[in-house]
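K.L.:
First, the structure itself, so that you have it in front of you.
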Amino acid sequence: MYTAEMFCHNNSLYNSNGALEYVSKEKAFNMGYIGSGIEFSADCGGDVMINFKLPAIGSYREFFSDKASIVRFHTLRFKLWVDGIQQEDLLINDKYVASHNLIIASGLKFGTHTFKIIRATEATVARKFYLCGVVLDGNLLNVSQKQRPYIEVYGDSISSGYGNISSREYTAFNKDDSNYVFVKDGYLVDPSTEGAVKTLNNSEYNFEDGTKTYAYIAAQNLGADISVFSKSGLGITVYGGKAEESTETMLKWYPNLPINKNADYVIINHITNDSKYYNMAAGLTKEGLSNAYVEFIKRVRADHKNASIIVIYGMMAVRSPEEDYYLTGEEVVLNAVDRVKKIDAEVYALKLPRGNQGGMGHPSNDEHIIASRCLEQFLLGHMDKTI
C-alpha cells in the first residue's frame, strides 16, 4: 500500500483539494469537509482501492409510528473521477465504520491512469474521514502541481447543498411538524390518509451534494480551489435554534478549523439561521447580531490578510408573510458590512437569488446554478483581483 505518509513526504505525488489535512497521529489525510480531496496518477492496472478509517458517523431516529422507530445512519458522499471521467458517487455509511479497503476502479488496462476523489458531504455527518493510503498494482507517478486561486467558505445548509438533489415534493411541509413527510407503503400520501405514518426525512444527508452549490460551482467555473466549512443549522451566533452559550456556533467552531491563511476569497453565508433564531434562541437584538457579524468579519480578516471577503444574504425564500426574518438578515448584513467597510475596503455584501424548490424549502440544483452565475460575475467584475 502507498500510505498517506508516503504522499505527505513527497508532495509531487499528489495534488490536494480544499482542506485536505495530514494528521500525523493517524498517519492519514483527513477529508473532513466539503471540497477536501486528493488527485494522483499511477502506472497501474487491474483494481485500485483506497484504504480509509471512519471512526464514527452521525445517526438519526426514523419513526414508523408514534411508538415504533429505528436508528438509521447518515451517508457520506464522495465524487470520483478516473482518467478524467466522472464515475458514480461513492456512498459510505455505517457499514464502513472502522478500517476498510474500497475499490474505486476495477479491471483497468495496464498504463497511466489518473484518479480524483472529492468529499461532497458537510461536516455534520462525520468530521473525520481518514484516507490512509492507496492500494494498487503498479507505481505512483509524479503529477504537475496546480497553482489555483483559493476560496474558503463558511456557511450553513445552503452552502452544504442541503436538499439540492432532492425536490420539494419529497420533503412536504406540515405547519406543526415541518421535519416530517407522510408516507404509506413507501409512497407519499396526504397526512390525513388512513394509515399514514411520518418518517424523518430532513436529516438524511444523502439528498445533499456539496459540489452542486452556488459557491462550489462558481469556483469550478473560475478554475479555483475551494474549501467549504459548513454545517446545516449553523449561524454565527446560533446552531439549530439553540443559544450560543449551550452549543457550537461559527464563532466557536472557527478557531478549530484547518483554515488556509492564503485564501484569495472568503465567503460568509450564515445569516439565514442567525436572522431566524437570534431573538428566540440567543436573546440578541439586531444591533447585537450586527456586532457579532462585525466581530466575525474582523476575525476572518486577521487570518486572511489579503483576501476579499464576501458576505452573502438572500438565498432562502420566505414561505409565508410572517416570516420576515430574511429582511432582518438583509438589514444586519448591510449594517455590519457598511461598518467594517469604513476601515476595510475589501469587504462586500452580496445578495444572491432566492430559491426554495429543493428539499425542505432549500435552493434546488438549478437555483444554485443561477446563484453561482451571480457570484461568478461578482468575483470577475467587482474586484481588483483577477482569477
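Following the order of the C-alpha cells, chains are lettered A, B, ..., residues in each are numbered from 1, and ligands are numbered from 1.
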Any idea what's packed within 6 Å of Gly18 of chain A, counting only C-alpha atoms, ignoring anything in its chain fewer than 2 positions away? Could you give it as a PDB file with N, CA and C atoms, in the first residue's frame?
P.N.:
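Saved result, part03.pdb, follows:
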```
ATOM      1  N   LEU A  20      -7.635  19.502   2.769  1.00  0.00           N
ATOM      2  CA  LEU A  20      -7.072  18.163   2.987  1.00  0.00           C
ATOM      3  C   LEU A  20      -5.944  18.310   3.991  1.00  0.00           C
ATOM      4  N   GLY A  35     -15.264  19.612  -0.353  1.00  0.00           N
ATOM      5  CA  GLY A  35     -14.171  20.111  -1.186  1.00  0.00           C
ATOM      6  C   GLY A  35     -12.838  19.481  -0.890  1.00  0.00           C
ATOM      7  N   SER A  36     -12.694  18.839   0.283  1.00  0.00           N
ATOM      8  CA  SER A  36     -11.408  18.217   0.604  1.00  0.00           C
ATOM      9  C   SER A  36     -11.238  16.947  -0.229  1.00  0.00           C
ATOM     10  N   ILE A 226     -11.367  25.180  -3.581  1.00  0.00           N
ATOM     11  CA  ILE A 226     -12.345  25.665  -2.617  1.00  0.00           C
ATOM     12  C   ILE A 226     -12.469  24.715  -1.430  1.00  0.00           C
ATOM     13  N   SER A 227     -12.630  25.285  -0.258  1.00  0.00           N
ATOM     14  CA  SER A 227     -12.985  24.558   0.957  1.00  0.00           C
ATOM     15  C   SER A 227     -14.304  25.109   1.453  1.00  0.00           C
TER      16      SER A 227
END
```
K.L.:
Contacts of Asp209 of chain A at 7 Å or less, counting only C-alpha atoms, minus same-chain residues fewer than 4 places along, as a PDB file with N, CA and C atoms, in the first residue's frame?
P.N.:
```pdb
ATOM      1  N   ALA A 120     -18.184  15.445  -0.710  1.00  0.00           N
ATOM      2  CA  ALA A 120     -19.327  16.284  -1.076  1.00  0.00           C
ATOM      3  C   ALA A 120     -20.368  16.390   0.031  1.00  0.00           C
ATOM      4  N   THR A 121     -20.035  15.954   1.248  1.00  0.00           N
ATOM      5  CA  THR A 121     -20.988  15.975   2.362  1.00  0.00           C
ATOM      6  C   THR A 121     -20.449  16.827   3.500  1.00  0.00           C
ATOM      7  N   GLY A 161     -25.388  22.473   0.434  1.00  0.00           N
ATOM      8  CA  GLY A 161     -26.176  21.858  -0.625  1.00  0.00           C
ATOM      9  C   GLY A 161     -27.357  21.071  -0.096  1.00  0.00           C
ATOM     10  N   ASN A 164     -30.413  19.873  -2.250  1.00  0.00           N
ATOM     11  CA  ASN A 164     -30.268  20.302  -3.655  1.00  0.00           C
ATOM     12  C   ASN A 164     -30.378  19.157  -4.659  1.00  0.00           C
ATOM     13  N   ILE A 165     -30.300  17.915  -4.211  1.00  0.00           N
ATOM     14  CA  ILE A 165     -30.531  16.803  -5.139  1.00  0.00           C
ATOM     15  C   ILE A 165     -31.800  16.058  -4.755  1.00  0.00           C
TER      16      ILE A 165
END
```
K.L.:
Atom CA of Val300 of chain A and atom CA of Lys276 of chain A are how many Å apart?
P.N.:
23.1 Å
K.L.:
Quick one: residues within 10 Å of Lys212 of chain A, only C-alpha atoms, excluding same-chain residues fewer than 6 positions away - as a list in words?
P.N.:
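Near Lys212 of chain A, the qualifying residues are Ala120, Ser159, Ser160, Gly161, Tyr162, Asn164, Ile165, Ala218, Ser364, Asn365, Asp366, His368, Ile369 and Ser372 of chain A.
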K.L.:
Using only C-alpha atoms for the distances, tell me which of A:Ser24, A:Asn291, A:Asn101, A:Asn273 is nearest to Leu334 of chain A.
P.N.:
A:Asn291
